[in-house]
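Shown next: target-v2.csv, given as CSV, C-alpha atoms.
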```csv
chain,number,residue,atom,x,y,z
A,143,MET,CA,-11.4,-12.1,27.3
A,144,ILE,CA,-13.4,-11.6,24.1
A,145,ARG,CA,-14.3,-8.1,25.0
A,146,GLU,CA,-10.7,-7.2,25.9
A,147,GLU,CA,-9.4,-8.5,22.6
A,148,LEU,CA,-12.0,-6.7,20.6
A,149,LYS,CA,-11.6,-3.5,22.5
A,150,ARG,CA,-7.9,-3.6,21.9
A,151,GLY,CA,-8.2,-4.1,18.2
A,152,ILE,CA,-10.8,-1.3,17.7
A,153,PHE,CA,-9.5,1.3,20.1
A,154,THR,CA,-6.2,1.0,22.0
A,155,GLU,CA,-4.4,-0.7,19.1
A,156,ASN,CA,-6.4,0.7,16.2
A,157,PRO,CA,-4.3,-0.4,13.2
A,158,ILE,CA,-4.8,2.8,11.1
A,159,PHE,CA,-5.1,5.7,13.5
A,160,ILE,CA,-2.9,4.5,16.4
A,161,LEU,CA,-0.4,2.0,14.9
A,162,VAL,CA,-0.5,3.7,11.5
A,163,LEU,CA,-0.2,0.5,9.5
A,164,GLY,CA,-1.8,-0.5,6.2
A,165,LEU,CA,-2.0,3.1,4.9
A,166,CYS,CA,-2.1,2.2,1.2
A,167,PRO,CA,-5.4,0.3,1.0
A,168,SER,CA,-7.0,2.6,3.6
A,169,LEU,CA,-6.4,5.7,1.6
A,170,ALA,CA,-7.0,4.2,-1.8
A,171,THR,CA,-10.2,2.3,-1.1
A,172,SER,CA,-11.9,4.8,1.1
A,173,THR,CA,-13.5,6.8,-1.7
A,174,SER,CA,-16.9,5.2,-1.0
A,175,LEU,CA,-18.4,3.3,1.9
A,176,GLN,CA,-19.1,0.3,-0.3
A,177,ASN,CA,-15.5,-0.1,-1.3
A,178,ALA,CA,-14.3,0.6,2.2
A,179,LEU,CA,-16.5,-2.2,3.7
A,180,GLY,CA,-15.5,-4.6,0.9
A,181,MET,CA,-11.8,-3.9,1.6
A,182,GLY,CA,-12.3,-4.1,5.3
A,183,MET,CA,-14.1,-7.4,5.1
A,184,ALA,CA,-11.5,-8.9,2.7
A,185,ALA,CA,-8.7,-7.9,4.9
A,186,THR,CA,-10.4,-9.2,8.1
A,187,PHE,CA,-11.0,-12.6,6.5
A,188,VAL,CA,-7.4,-12.9,5.4
A,189,LEU,CA,-6.1,-11.6,8.8
A,190,THR,CA,-8.3,-14.0,10.8
A,191,CYS,CA,-7.6,-17.1,8.7
A,192,SER,CA,-3.8,-16.4,8.5
A,193,ASN,CA,-3.7,-15.7,12.3
A,194,VAL,CA,-5.4,-19.1,13.0
A,195,ILE,CA,-3.2,-21.1,10.6
A,196,ILE,CA,0.0,-19.5,11.7
A,197,SER,CA,-0.8,-20.0,15.3
A,198,MET,CA,-1.5,-23.7,14.5
A,199,ILE,CA,1.8,-24.3,12.7
A,200,LYS,CA,4.0,-22.0,14.8
A,201,LYS,CA,5.9,-24.9,16.4
A,202,VAL,CA,6.6,-26.6,13.0
A,203,ILE,CA,8.1,-23.5,11.2
A,204,PRO,CA,11.8,-23.1,11.7
A,205,ASP,CA,12.6,-19.7,13.1
A,206,LYS,CA,14.9,-18.7,10.2
A,207,VAL,CA,12.4,-19.0,7.4
A,208,ARG,CA,9.3,-17.9,9.4
A,209,ILE,CA,8.7,-14.7,7.4
A,210,PRO,CA,8.5,-16.5,4.0
A,211,CYS,CA,6.2,-19.1,5.5
A,212,TYR,CA,3.9,-16.4,6.9
A,213,ILE,CA,3.8,-14.7,3.5
A,214,VAL,CA,2.9,-17.9,1.7
A,215,VAL,CA,0.0,-18.6,4.2
A,216,ILE,CA,-1.2,-15.0,3.7
A,217,ALA,CA,-0.9,-15.1,-0.1
A,218,THR,CA,-2.9,-18.3,-0.2
A,219,PHE,CA,-5.9,-16.6,1.6
A,220,VAL,CA,-5.5,-13.5,-0.6
A,221,THR,CA,-5.8,-15.8,-3.7
A,222,ILE,CA,-9.0,-17.3,-2.2
A,223,VAL,CA,-10.4,-13.8,-1.7
A,224,GLN,CA,-9.4,-12.8,-5.2
A,225,LEU,CA,-11.2,-15.7,-6.8
A,226,VAL,CA,-14.3,-15.3,-4.6
A,227,LEU,CA,-14.5,-11.6,-5.4
A,228,LYS,CA,-14.1,-12.2,-9.2
A,229,ALA,CA,-16.8,-14.9,-9.2
A,230,TYR,CA,-19.5,-13.3,-6.9
A,231,LEU,CA,-18.8,-9.6,-6.7
A,232,PRO,CA,-17.2,-8.5,-10.0
A,233,ASP,CA,-18.1,-4.8,-9.5
A,234,LEU,CA,-16.3,-4.6,-6.1
A,235,ASP,CA,-13.4,-6.5,-7.6
A,236,LYS,CA,-13.1,-3.9,-10.3
A,237,ALA,CA,-13.4,-1.0,-7.9
A,238,LEU,CA,-10.7,-2.4,-5.5
A,239,GLY,CA,-8.5,-3.4,-8.5
A,240,ILE,CA,-4.9,-3.8,-7.7
A,241,PHE,CA,-5.5,-3.5,-4.0
A,242,VAL,CA,-6.9,-7.0,-3.7
A,243,PRO,CA,-3.6,-8.7,-4.5
A,244,LEU,CA,-1.8,-6.0,-2.5
A,245,ILE,CA,-3.5,-7.3,0.7
A,246,VAL,CA,-0.5,-9.7,0.8
A,247,VAL,CA,1.8,-6.9,1.6
A,248,ASN,CA,-0.6,-5.1,4.0
A,249,CYS,CA,1.7,-4.5,6.9
A,250,ILE,CA,-1.1,-5.1,9.4
A,251,ILE,CA,-1.4,-8.8,8.5
A,252,LEU,CA,2.3,-9.6,8.6
A,253,ALA,CA,2.7,-7.5,11.8
A,254,ARG,CA,-0.1,-9.5,13.6
A,255,ALA,CA,1.4,-12.8,12.4
A,256,GLU,CA,4.8,-11.9,13.7
A,257,ALA,CA,3.8,-10.0,16.8
A,258,PHE,CA,0.8,-12.0,18.0
A,259,ALA,CA,-0.1,-15.2,16.2
A,260,SER,CA,3.4,-16.7,16.5
A,261,LYS,CA,3.3,-16.3,20.2
A,262,ASN,CA,-0.3,-17.0,21.2
A,263,ASN,CA,-2.8,-19.9,21.1
A,264,ILE,CA,-5.3,-20.5,18.4
A,265,SER,CA,-8.4,-19.0,20.0
A,266,ARG,CA,-6.7,-15.8,21.1
A,267,SER,CA,-5.1,-15.4,17.6
A,268,PHE,CA,-8.6,-15.9,16.1
A,269,LEU,CA,-10.0,-13.2,18.4
A,270,ASP,CA,-7.1,-10.9,17.7
A,271,GLY,CA,-7.7,-11.3,14.0
A,272,ILE,CA,-11.4,-10.4,14.3
A,273,GLY,CA,-10.6,-7.4,16.6
A,274,ILE,CA,-7.9,-5.9,14.5
A,275,GLY,CA,-9.9,-6.6,11.4
A,276,LEU,CA,-12.9,-4.8,12.9
A,277,GLY,CA,-10.7,-1.9,13.9
A,278,PHE,CA,-9.4,-1.7,10.3
A,279,THR,CA,-12.9,-1.9,8.9
A,280,ALA,CA,-14.3,0.7,11.3
A,281,SER,CA,-11.4,3.2,10.5
A,282,LEU,CA,-11.9,2.7,6.8
A,283,SER,CA,-15.6,3.3,7.2
A,284,ILE,CA,-15.0,6.6,9.1
A,285,LEU,CA,-12.6,7.8,6.4
A,286,SER,CA,-14.9,6.8,3.6
A,287,ILE,CA,-18.0,8.4,5.1
A,288,ILE,CA,-16.2,11.7,5.4
A,289,ARG,CA,-14.8,11.4,1.9
A,290,GLU,CA,-17.9,10.2,0.2
A,291,THR,CA,-20.3,12.8,1.8
A,292,LEU,CA,-17.9,15.8,1.3
A,293,GLY,CA,-16.5,14.7,-2.1
A,294,ALA,CA,-19.5,13.2,-3.9
A,295,ASN,CA,-22.5,14.3,-1.7
A,296,LYS,CA,-23.4,10.6,-1.5
A,297,LEU,CA,-23.5,7.9,1.1
A,298,TRP,CA,-23.6,4.2,0.1
A,299,GLY,CA,-24.3,5.4,-3.5
A,300,LEU,CA,-27.4,7.4,-2.5
A,301,ASN,CA,-27.8,11.2,-2.5
A,302,PHE,CA,-27.0,12.8,0.8
A,303,LEU,CA,-27.8,16.5,1.2
A,304,PRO,CA,-29.9,18.2,-1.5
A,305,GLY,CA,-28.3,21.4,-2.8
A,306,PHE,CA,-24.9,20.7,-1.3
A,307,GLN,CA,-22.1,21.4,-3.8
A,308,PRO,CA,-19.6,18.5,-3.3
A,309,MET,CA,-15.9,19.1,-3.1
A,310,THR,CA,-14.5,16.7,-5.7
A,311,ILE,CA,-11.0,16.9,-4.2
A,312,PHE,CA,-12.0,14.7,-1.3
A,313,ILE,CA,-12.6,11.8,-3.7
A,314,LEU,CA,-9.3,12.4,-5.4
A,315,ALA,CA,-5.9,11.5,-4.0
A,316,PRO,CA,-5.2,14.7,-2.0
A,317,GLY,CA,-8.5,14.4,-0.2
A,318,GLY,CA,-7.4,11.0,1.2
A,319,PHE,CA,-4.3,12.6,2.8
A,320,PHE,CA,-6.3,15.5,4.2
A,321,THR,CA,-9.0,13.3,5.7
A,322,ILE,CA,-6.6,11.0,7.5
A,323,ALA,CA,-4.7,14.1,8.7
A,324,LEU,CA,-7.8,15.6,10.1
A,325,VAL,CA,-9.0,12.4,11.8
A,326,MET,CA,-5.6,11.8,13.4
A,327,GLY,CA,-5.4,15.4,14.5
A,328,ILE,CA,-8.8,15.2,16.2
A,329,ILE,CA,-7.8,12.0,17.9
A,330,ASN,CA,-4.5,13.5,19.1
A,331,TYR,CA,-6.4,16.6,20.3
A,332,MET,CA,-8.8,14.5,22.4
A,333,ARG,CA,-5.9,12.5,23.8
A,334,GLN,CA,-3.9,15.5,24.8
A,335,LYS,CA,-6.9,17.1,26.4
A,336,LYS,CA,-7.6,14.0,28.4
A,337,GLU,CA,-4.0,13.8,29.6
A,338,THR,CA,-3.8,17.4,30.6
A,339,GLY,CA,-7.3,17.2,32.2
A,340,LYS,CA,-6.1,14.5,34.6
B,52,MET,CA,8.8,-1.0,-29.5
B,53,ASN,CA,9.4,2.7,-30.2
B,54,ILE,CA,10.7,5.7,-28.4
B,55,ALA,CA,7.2,7.3,-28.1
B,56,SER,CA,5.9,4.4,-26.0
B,57,ILE,CA,9.0,4.5,-23.7
B,58,VAL,CA,8.4,8.3,-23.2
B,59,GLN,CA,4.7,7.7,-22.5
B,60,ILE,CA,5.4,5.0,-20.0
B,61,SER,CA,8.1,6.9,-18.2
B,62,ILE,CA,6.2,10.2,-17.9
B,63,GLY,CA,3.1,8.2,-17.0
B,64,ALA,CA,4.8,6.4,-14.2
B,65,ILE,CA,6.9,9.3,-12.9
B,66,LEU,CA,4.4,12.2,-13.0
B,67,ILE,CA,0.8,11.3,-14.0
B,68,ASN,CA,0.3,8.1,-12.1
B,69,ASN,CA,3.0,8.7,-9.5
B,70,PHE,CA,2.8,5.6,-7.3
B,71,VAL,CA,2.8,7.4,-4.0
B,72,LEU,CA,0.8,10.6,-4.7
B,73,ALA,CA,-1.7,9.4,-7.3
B,74,ARG,CA,-2.1,5.7,-6.7
B,75,PHE,CA,-1.5,5.4,-3.0
B,76,ILE,CA,1.0,2.5,-3.3
B,77,GLY,CA,4.2,2.4,-1.2
B,78,LEU,CA,2.9,4.8,1.5
B,79,CYS,CA,4.6,3.0,4.5
B,80,PRO,CA,8.2,3.8,3.4
B,81,PHE,CA,7.0,7.2,2.1
B,82,PHE,CA,6.1,8.3,5.6
B,83,GLY,CA,8.5,6.0,7.5
B,84,VAL,CA,11.8,7.0,5.8
B,85,SER,CA,11.1,10.6,4.8
B,86,LYS,CA,12.3,12.3,8.0
B,87,LYS,CA,15.9,12.8,6.7
B,88,LEU,CA,17.0,13.7,3.2
B,89,SER,CA,20.0,11.3,3.3
B,90,SER,CA,18.0,8.2,4.2
B,91,ALA,CA,15.2,9.2,1.8
B,92,THR,CA,17.8,9.2,-1.1
B,93,GLY,CA,19.1,5.8,0.0
B,94,MET,CA,15.7,4.3,0.3
B,95,GLY,CA,14.7,5.7,-3.1
B,96,MET,CA,17.7,4.3,-4.8
B,97,ALA,CA,17.2,0.9,-3.2
B,98,VAL,CA,13.6,0.8,-4.2
B,99,THR,CA,14.4,1.8,-7.8
B,100,PHE,CA,17.0,-0.9,-8.0
B,101,VAL,CA,14.8,-3.6,-6.7
B,102,LEU,CA,11.9,-2.5,-8.9
B,103,ALA,CA,14.1,-2.8,-12.0
B,104,VAL,CA,15.3,-6.3,-11.0
B,105,ALA,CA,11.8,-7.4,-9.9
B,106,SER,CA,10.0,-6.2,-12.9
B,107,THR,CA,12.5,-8.0,-15.1
B,108,PHE,CA,12.1,-11.4,-13.4
B,109,THR,CA,8.4,-11.2,-12.7
B,110,TRP,CA,7.6,-10.3,-16.3
B,111,ILE,CA,9.6,-13.3,-17.5
B,112,ILE,CA,8.0,-15.7,-15.0
B,113,ASP,CA,4.5,-14.4,-15.7
B,114,LYS,CA,4.8,-14.6,-19.5
B,115,TYR,CA,6.8,-17.9,-19.8
B,116,ILE,CA,5.6,-19.9,-16.9
B,117,LEU,CA,2.3,-18.7,-15.5
B,118,VAL,CA,0.5,-17.6,-18.7
B,119,ARG,CA,1.9,-20.5,-20.7
B,120,PHE,CA,0.8,-23.2,-18.3
B,121,ASN,CA,-2.5,-21.4,-17.6
B,122,ALA,CA,-1.6,-20.9,-14.0
B,123,THR,CA,-2.3,-17.2,-13.5
B,124,VAL,CA,-4.4,-18.1,-10.4
B,125,LEU,CA,-1.1,-18.5,-8.6
B,126,GLN,CA,0.1,-15.1,-9.6
B,127,THR,CA,0.0,-13.5,-6.2
B,128,ILE,CA,1.7,-16.3,-4.4
B,129,VAL,CA,4.4,-16.7,-7.1
B,130,PHE,CA,5.1,-13.0,-7.3
B,131,ILE,CA,5.5,-12.5,-3.6
B,132,LEU,CA,7.8,-15.5,-3.3
B,133,VAL,CA,9.9,-14.4,-6.2
B,134,ILE,CA,10.2,-10.9,-4.8
B,135,ALA,CA,11.2,-12.2,-1.4
B,136,ALA,CA,13.8,-14.4,-2.9
B,137,LEU,CA,15.1,-11.7,-5.2
B,138,VAL,CA,15.5,-9.2,-2.4
B,139,GLN,CA,17.6,-11.8,-0.5
B,140,LEU,CA,19.7,-12.5,-3.6
B,141,VAL,CA,20.3,-8.8,-4.3
B,142,GLU,CA,21.4,-8.3,-0.7
B,143,MET,CA,23.8,-11.2,-0.9
B,144,ALA,CA,25.1,-10.2,-4.3
B,145,LEU,CA,25.7,-6.6,-3.2
B,146,LEU,CA,27.5,-7.8,-0.1
B,147,LYS,CA,29.9,-9.9,-2.1
B,148,TYR,CA,30.5,-7.8,-5.2
B,149,SER,CA,29.8,-4.2,-4.2
B,150,PRO,CA,30.3,-3.6,-0.5
B,151,LEU,CA,30.2,0.2,-1.1
B,152,LEU,CA,26.7,0.0,-2.6
B,153,TYR,CA,25.7,-2.5,0.1
B,154,GLU,CA,26.7,0.0,2.7
B,155,ALA,CA,24.5,2.6,1.1
B,156,LEU,CA,21.5,0.5,0.5
B,157,GLY,CA,21.9,-2.5,2.8
B,158,ILE,CA,19.7,-1.4,5.7
B,159,TYR,CA,16.8,-0.6,3.4
B,160,LEU,CA,16.7,-3.8,1.5
B,161,PRO,CA,15.0,-6.1,4.1
B,162,LEU,CA,12.2,-3.5,4.4
B,163,ILE,CA,11.6,-3.6,0.7
B,164,THR,CA,10.1,-7.1,0.5
B,165,THR,CA,6.8,-5.9,2.1
B,166,ASN,CA,6.9,-2.6,0.1
B,167,CYS,CA,3.7,-2.8,-1.9
B,168,ALA,CA,5.3,-0.9,-4.8
B,169,ILE,CA,7.3,-4.0,-5.8
B,170,LEU,CA,4.3,-6.4,-5.8
B,171,GLY,CA,2.3,-3.5,-7.4
B,172,ILE,CA,4.6,-3.2,-10.4
B,173,ALA,CA,4.5,-7.0,-10.9
B,174,VAL,CA,0.7,-7.0,-11.0
B,175,ILE,CA,0.5,-3.9,-13.1
B,176,ASN,CA,3.0,-5.3,-15.6
B,177,SER,CA,0.9,-8.5,-15.9
B,178,GLN,CA,-2.2,-6.3,-16.9
B,179,ASP,CA,-2.6,-4.3,-20.1
B,180,ASN,CA,-0.7,-1.1,-20.9
B,181,VAL,CA,-3.0,1.8,-20.1
B,182,PHE,CA,-1.7,3.8,-23.1
B,183,THR,CA,-1.9,1.1,-25.8
B,184,GLY,CA,-4.4,-1.3,-24.4
B,185,LYS,CA,-2.1,-4.2,-25.2
B,186,PRO,CA,-0.1,-6.3,-22.8
B,187,TYR,CA,3.3,-4.9,-21.7
B,188,THR,CA,6.2,-6.0,-23.8
B,189,PHE,CA,9.4,-7.0,-21.9
B,190,ILE,CA,11.2,-3.7,-22.5
B,191,GLU,CA,8.0,-1.7,-21.6
B,192,GLY,CA,7.7,-3.7,-18.4
B,193,VAL,CA,11.2,-3.0,-17.3
B,194,ILE,CA,11.0,0.7,-18.2
B,195,ASN,CA,7.8,0.9,-16.3
B,196,GLY,CA,9.6,-0.6,-13.2
B,197,ILE,CA,12.5,1.8,-13.4
B,198,ALA,CA,10.2,4.8,-14.1
B,199,THR,CA,8.0,3.9,-11.1
B,200,GLY,CA,11.1,3.8,-9.0
B,201,VAL,CA,12.2,7.2,-10.2
B,202,GLY,CA,8.8,8.6,-9.4
B,203,PHE,CA,8.9,7.0,-6.0
B,204,THR,CA,12.3,8.5,-5.3
B,205,LEU,CA,11.2,11.9,-6.6
B,206,ALA,CA,8.2,12.0,-4.2
B,207,LEU,CA,10.3,10.7,-1.3
B,208,VAL,CA,13.1,13.2,-1.7
B,209,LEU,CA,10.7,16.1,-2.1
B,210,MET,CA,8.8,15.0,1.0
B,211,ALA,CA,12.0,14.6,3.0
B,212,GLY,CA,13.2,18.1,2.0
B,213,ILE,CA,9.9,19.6,3.2
B,214,ARG,CA,9.8,17.6,6.4
B,215,GLU,CA,13.3,18.7,7.3
B,216,LYS,CA,12.1,22.3,7.1
B,217,LEU,CA,8.9,21.4,9.0
B,218,GLU,CA,11.0,20.4,12.0
B,219,LEU,CA,11.7,24.1,12.6
B,220,ALA,CA,8.1,25.3,12.1
B,221,ASN,CA,5.7,26.0,14.9
B,222,ILE,CA,2.9,23.5,14.3
B,223,PRO,CA,-0.3,23.2,16.3
B,224,LYS,CA,0.3,20.5,18.9
B,225,PRO,CA,-2.3,17.9,17.8
B,226,LEU,CA,-1.0,18.0,14.2
B,227,ARG,CA,2.7,17.4,15.1
B,228,GLY,CA,4.3,14.4,13.6
B,229,LEU,CA,2.3,12.3,11.2
B,230,PRO,CA,-0.8,14.5,10.6
B,231,ILE,CA,1.2,17.4,9.3
B,232,ALA,CA,3.1,15.0,7.1
B,233,PHE,CA,-0.2,13.8,5.7
B,234,ILE,CA,-1.3,17.4,5.0
B,235,THR,CA,2.0,18.0,3.3
B,236,ALA,CA,1.5,14.9,1.1
B,237,GLY,CA,-2.0,16.1,0.3
B,238,LEU,CA,-0.7,19.4,-0.9
B,239,MET,CA,2.0,17.7,-3.0
B,240,ALA,CA,-0.7,15.4,-4.4
B,241,ILE,CA,-2.7,18.5,-5.5
B,242,ALA,CA,0.5,19.7,-7.3
B,243,PHE,CA,0.8,16.3,-9.0
B,244,LEU,CA,-2.8,16.4,-10.0
B,245,GLY,CA,-1.8,19.1,-12.5
B,246,PHE,CA,0.1,16.5,-14.5
B,247,SER,CA,-3.1,14.5,-15.2
B,248,GLY,CA,-3.7,17.1,-17.9
B,249,LEU,CA,-0.8,15.5,-19.8
B,250,ASN,CA,-3.1,13.1,-21.6
B,251,PHE,CA,-1.3,10.7,-23.9
B,252,ILE,CA,-4.2,8.3,-24.4
B,253,GLN,CA,-6.0,10.7,-26.8
B,254,ASN,CA,-2.8,11.6,-28.7
B,255,SER,CA,-1.9,8.0,-29.5
B,256,GLY,CA,-5.5,7.3,-30.6
B,257,GLY,CA,-5.9,4.5,-28.1
```

Just dump the structure as structure tokens.
Amino acid sequence: MIREELKRGIFTENPIFILVLGLCPSLATSTSLQNALGMGMAATFVLTCSNVIISMIKKVIPDKVRIPCYIVVIATFVTIVQLVLKAYLPDLDKALGIFVPLIVVNCIILARAEAFASKNNISRSFLDGIGIGLGFTASLSILSIIRETLGANKLWGLNFLPGFQPMTIFILAPGGFFTIALVMGIINYMRQKKETGK
Amino acid sequence: MNIASIVQISIGAILINNFVLARFIGLCPFFGVSKKLSSATGMGMAVTFVLAVASTFTWIIDKYILVRFNATVLQTIVFILVIAALVQLVEMALLKYSPLLYEALGIYLPLITTNCAILGIAVINSQDNVFTGKPYTFIEGVINGIATGVGFTLALVLMAGIREKLELANIPKPLRGLPIAFITAGLMAIAFLGFSGLNFIQNSGG
């Protein structure tokens, strides 16, 4: 069961490349691998905790006001993340900036609460949170590795290839769009090839 | 409060720091509702309207309740609740007083609660003004909200116009659908990068 849940989050229901949810943070924070991992971990924490809590209280919440209830649970965990980042990782907090409070409106988290945690038991919701969170973090890392090496000739803040002239555009806004377009194009190509091959 | 700062904020929010193309905020509706020009216009108007209302209320609540009682820790929770309630209220008010407007904007309103642009403007208005380095005044905050909405609408309508034409183009198979939309957005973002040369910060001596 554990393997299935994790595999689903990372591959078959990958939040960014397959479901195309949570685009704003994934494009904005993938300028460097450090930011991407920080954002991925923050979102995974919020996603897992809110999944568990929502799955716990799903029978108590009246159906009509469920969305506001979910949002309050999510916002609480986001506030925890905000305070922890400010206290222990001020540099990361500054780099992520407005995108830390914006985790509240990350469509992935609300979508998992509505589509999964409100219908499944606690342990499955927990695993779903971890799986989808890992998928989100992995996709962010892929985007950020491409953008950081091409755009700044660096990886994890260290120099990458000596003598390579970086293309600054990949660090800037347009590069984010181009990178995700390329990765999605490659995924589509492989999928189509597999389908026609069979 | 003077005209210069209004112009600064408006041009800053519409062109230089365009929410979608420079700041990556509000991308979900940008790609979700930009397939048809008519729905893009409707969504743009609805977002602008809610942004104006939300920036008004969140500024008042932030300044007179949260800052005053030293409870800015609760900012995120309070803002998202206020926004969710406001969107509901706007929907009900429109239904009662302006059915015509409701018909035009109605279906887009529920989607707007989780549009990050609305929470984004509330958070940005609670920080310092990038041009003056001082906190936003009430009028500046509201202008910032409206201008952000106009910038969002501009990007959305331009994108929808291009995507309607793209339907007829012969695109390589793996890039059909979203990937080509991302490339289009990237090209538009390059165009908008040109506006970053409009530097107000130096002119105003800030």

So which one's closest to chain A, B:Val133, B:Val174, B:Ala91, B:Ile190? Using only C-alpha atoms, please.
B:Val174

Polymer residues at most 6 Å from B:Val193, only C-alpha atoms, same-chain spacing of 3 or more positions, as JSON, numbers by chain:
{"B": [106, 107, 190, 196]}

From the options B:Leu137, B:Leu219, B:Ala155, B:Leu72, which residue's atoms come nearest to chain A, counting only C-alpha atoms?
B:Leu72

Could you give me, as number ranges by chain, the residues that have an atom at most 10 Å away from the point (0.8, -14.9, -5.2) in the coordinates of the file, using all atoms listed in the file?
A: 213-214, 216-221, 243-244, 246; B: 123-133, 170, 174

Pick out the residues sitting within 8 Å of B:Ile163, and hand them over as a PyMOL selection string; count only C-alpha atoms, and ignore anything fewer than 3 positions along from it in its own chain.
chain B and resi 98+138+159-160+166+169

Would you write out, as a Markdown table, a table of all residues in chain B that have an atom no more than 9 Å from an atom of chain A, listing for each the closest atom pair and the distance in Å to one decimal, considering only C-alpha atoms and ordering rows by chain and rising residue number?
```
| residue | atom | partner | partner_atom | distance |
| --- | --- | --- | --- | --- |
| B:Val71 | CA | A:Cys166 | CA | 8.8 |
| B:Leu72 | CA | A:Ala315 | CA | 6.8 |
| B:Ala73 | CA | A:Ala315 | CA | 5.7 |
| B:Arg74 | CA | A:Ala170 | CA | 7.1 |
| B:Phe75 | CA | A:Cys166 | CA | 5.3 |
| B:Ile76 | CA | A:Cys166 | CA | 5.5 |
| B:Gly77 | CA | A:Cys166 | CA | 6.7 |
| B:Leu78 | CA | A:Cys166 | CA | 5.6 |
| B:Cys79 | CA | A:Leu165 | CA | 6.6 |
| B:Val124 | CA | A:Thr221 | CA | 7.2 |
| B:Leu125 | CA | A:Thr221 | CA | 7.3 |
| B:Gln126 | CA | A:Thr221 | CA | 8.4 |
| B:Thr127 | CA | A:Pro243 | CA | 6.2 |
| B:Ile128 | CA | A:Ala217 | CA | 5.2 |
| B:Val129 | CA | A:Ala217 | CA | 8.9 |
| B:Ile131 | CA | A:Ile213 | CA | 7.6 |
| B:Leu132 | CA | A:Val214 | CA | 7.4 |
| B:Ala135 | CA | A:Pro210 | CA | 7.4 |
| B:Ala136 | CA | A:Pro210 | CA | 9.0 |
| B:Thr164 | CA | A:Val247 | CA | 8.4 |
| B:Thr165 | CA | A:Val247 | CA | 5.1 |
| B:Asn166 | CA | A:Val247 | CA | 6.8 |
| B:Cys167 | CA | A:Val247 | CA | 5.7 |
| B:Leu170 | CA | A:Leu244 | CA | 6.9 |
| B:Gly171 | CA | A:Leu244 | CA | 6.9 |
| B:Val174 | CA | A:Ile240 | CA | 7.2 |
| B:Ile175 | CA | A:Ile240 | CA | 7.6 |
| B:Lys224 | CA | A:Tyr331 | CA | 7.9 |
| B:Pro225 | CA | A:Tyr331 | CA | 5.0 |
| B:Leu226 | CA | A:Gly327 | CA | 5.1 |
| B:Arg227 | CA | A:Gly327 | CA | 8.4 |
| B:Leu229 | CA | A:Ala323 | CA | 7.6 |
| B:Pro230 | CA | A:Ala323 | CA | 4.4 |
| B:Ile231 | CA | A:Ala323 | CA | 6.8 |
| B:Ala232 | CA | A:Ala323 | CA | 8.0 |
| B:Phe233 | CA | A:Phe319 | CA | 5.2 |
| B:Ile234 | CA | A:Phe320 | CA | 5.4 |
| B:Thr235 | CA | A:Phe319 | CA | 8.3 |
| B:Ala236 | CA | A:Phe319 | CA | 6.5 |
| B:Gly237 | CA | A:Pro316 | CA | 4.2 |
| B:Leu238 | CA | A:Pro316 | CA | 6.6 |
| B:Met239 | CA | A:Pro316 | CA | 7.9 |
| B:Ala240 | CA | A:Pro316 | CA | 5.1 |
| B:Ile241 | CA | A:Pro316 | CA | 5.7 |
| B:Leu244 | CA | A:Ala315 | CA | 8.3 |
```

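Straight-line separation from atom CA of B:Asp179 to atom CA of B:Ser61: 15.6 Å.
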
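Here atom CA of A:Tyr212 stands at a distance of 17.5 Å from atom CA of A:Ile274.
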
7 Å contact set for stretch 180-188 of chain A, all atoms listed in the file, chain neighbours under 3 positions out, as a PyMOL selection string
chain A and resi 171+176-177+191-192+216+219-220+223+245+271-272+275-276+278-279+282

Counting only C-alpha atoms, write as an NGL selection string all protein and nucleic acid residues lying at most 12 Å from (14.1, 4.4, 2.5) in the file's frame.
:B and (77-99 or 155-163 or 166 or 200 or 203-204 or 206-208 or 210-211)

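The two atoms in question, atom CA of B:Met143 and atom CA of B:Ile65, are spaced 29.2 Å apart.
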
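Here the question is which of A:Thr291, A:Thr173, A:Ser281, A:Ser197 gets nearest to A:Ile313 using only C-alpha atoms, and that residue is A:Thr173.
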
Contacts of B:Ile197 within 8 Å, only C-alpha atoms, excl. fewer than 2 positions in-chain, as a VMD selection string:
chain B and resid 99 to 100 102 to 103 193 to 195 199 to 201

Repair of stretch 95-101 of chain B at the level of N, CA and C atoms, as an mmCIF file, in the coordinates of the input:
```
data_model
loop_
_atom_site.group_PDB
_atom_site.id
_atom_site.type_symbol
_atom_site.label_atom_id
_atom_site.label_comp_id
_atom_site.auth_asym_id
_atom_site.auth_seq_id
_atom_site.Cartn_x
_atom_site.Cartn_y
_atom_site.Cartn_z
ATOM 1 N N GLY B 95 15.150 5.565 -1.734
ATOM 2 C CA GLY B 95 14.700 5.700 -3.100
ATOM 3 C C GLY B 95 15.504 4.945 -4.082
ATOM 4 N N MET B 96 16.847 5.004 -3.897
ATOM 5 C CA MET B 96 17.700 4.300 -4.800
ATOM 6 C C MET B 96 17.526 2.770 -4.660
ATOM 7 N N ALA B 97 17.412 2.318 -3.413
ATOM 8 C CA ALA B 97 17.200 0.900 -3.200
ATOM 9 C C ALA B 97 15.932 0.396 -3.824
ATOM 10 N N VAL B 98 14.852 1.169 -3.659
ATOM 11 C CA VAL B 98 13.600 0.800 -4.200
ATOM 12 C C VAL B 98 13.644 0.729 -5.754
ATOM 13 N N THR B 99 14.266 1.757 -6.350
ATOM 14 C CA THR B 99 14.400 1.800 -7.800
ATOM 15 C C THR B 99 15.136 0.566 -8.314
ATOM 16 N N PHE B 100 16.231 0.249 -7.623
ATOM 17 C CA PHE B 100 17.000 -0.900 -8.000
ATOM 18 C C PHE B 100 16.230 -2.194 -7.946
ATOM 19 N N VAL B 101 15.567 -2.413 -6.820
ATOM 20 C CA VAL B 101 14.800 -3.600 -6.700
ATOM 21 C C VAL B 101 13.622 -3.670 -7.663
#
```
